[in-house]
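Asker: Can you keep this structure in mind? I'll have questions shortly.
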Amino acid sequence: MGWYRNNDDEIRISAIIRDAIIGVVVLVLLLMLLLPIYNVWQAEKSGEAALRKAEQDRHILVLEAEAKRDSAKALAEAEIERAKGVAEANKIIADGLHGHDEYLRYLWIDKVAGNTQREIIYVPTEANIPILESTRLRAPTGTEK
């Protein structure tokens, strides 16, 4: 003999409906009780996750700043070493040429000798007035004689 059957083996609809209503009411009461607790727990966990993400982001920013600082220090040291080398080379050349005027003349000759492009170079004369020949490289137009 089953729970929902009477002596005649007929289903008692009223008992099924009653038990279904009781089940729904119990389910609603459980949800009303447990959902606020779950919401608080979920908010707490999402807050912890946001805090950990913020800490991770801050840590990444600190590491990037440290890398930039180290890079700047290394670049500065390299520039100092390069400047020391240039200063030493300039001193050796200036000592070999017996003065700054000769050294400047050497640099000027070196620049002119290394000039492979078609550039106009103004050469100062005795009175330090350049001879202007800027039209020398201009393409002929056919009207000039």
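Simple scheme: letters A, B, ... for chains in structure tokens order, numbers from 1 for residues in each chain, numbers from 1 for ligands in the order shown.
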List the spatial neighbours of segment 83-91 of chain A as a short mmCIF file (atom, residue, chain, number, x, y, z; two decimals) with N, CA and C atoms, in the first residue's frame - criterion: any atom at most 12 Å away, only C-alpha atoms, same-chain residues fewer than 3 positions off excluded.
Answerer:
data_model
loop_
_atom_site.label_atom_id
_atom_site.label_comp_id
_atom_site.auth_asym_id
_atom_site.auth_seq_id
_atom_site.Cartn_x
_atom_site.Cartn_y
_atom_site.Cartn_z
N ALA A 76 72.49 56.30 -17.87
CA ALA A 76 73.30 57.42 -17.40
C ALA A 76 74.77 57.00 -17.26
N GLU A 77 75.01 55.82 -16.71
CA GLU A 77 76.38 55.33 -16.58
C GLU A 77 77.03 55.15 -17.96
N ALA A 78 76.26 54.63 -18.91
CA ALA A 78 76.80 54.46 -20.27
C ALA A 78 77.12 55.82 -20.89
N GLU A 79 76.27 56.81 -20.68
CA GLU A 79 76.51 58.14 -21.24
C GLU A 79 77.73 58.78 -20.60
N ILE A 80 77.92 58.57 -19.30
CA ILE A 80 79.10 59.09 -18.61
C ILE A 80 80.37 58.45 -19.19
N ALA A 94 93.79 67.11 -29.38
CA ALA A 94 94.19 68.50 -29.15
C ALA A 94 95.66 68.58 -28.75
N ASP A 95 96.13 67.66 -27.92
CA ASP A 95 97.55 67.65 -27.54
C ASP A 95 98.43 67.36 -28.75
N GLY A 96 97.97 66.49 -29.63
CA GLY A 96 98.74 66.15 -30.81
C GLY A 96 98.77 67.30 -31.81
N LEU A 97 97.74 68.14 -31.81
CA LEU A 97 97.67 69.25 -32.76
C LEU A 97 98.15 70.56 -32.15
N HIS A 98 98.58 70.55 -30.91
CA HIS A 98 99.16 71.70 -30.23
C HIS A 98 98.19 72.88 -30.12
N GLY A 99 97.00 72.64 -29.66
CA GLY A 99 96.10 73.76 -29.40
C GLY A 99 94.71 73.54 -29.96
N HIS A 100 93.81 74.41 -29.51
CA HIS A 100 92.40 74.27 -29.89
C HIS A 100 92.13 74.75 -31.30
N GLU A 102 94.01 74.49 -33.96
CA GLU A 102 94.38 73.43 -34.88
C GLU A 102 93.38 72.27 -34.79
N TYR A 103 92.91 72.02 -33.57
CA TYR A 103 91.93 70.94 -33.40
C TYR A 103 90.63 71.27 -34.11
N LEU A 104 90.17 72.51 -33.99
CA LEU A 104 88.95 72.92 -34.67
C LEU A 104 89.13 72.85 -36.19
N TYR A 106 91.13 70.82 -37.71
CA TYR A 106 91.11 69.38 -38.01
C TYR A 106 89.68 68.87 -38.10
N LEU A 107 88.83 69.23 -37.14
CA LEU A 107 87.44 68.79 -37.17
C LEU A 107 86.72 69.30 -38.42
#
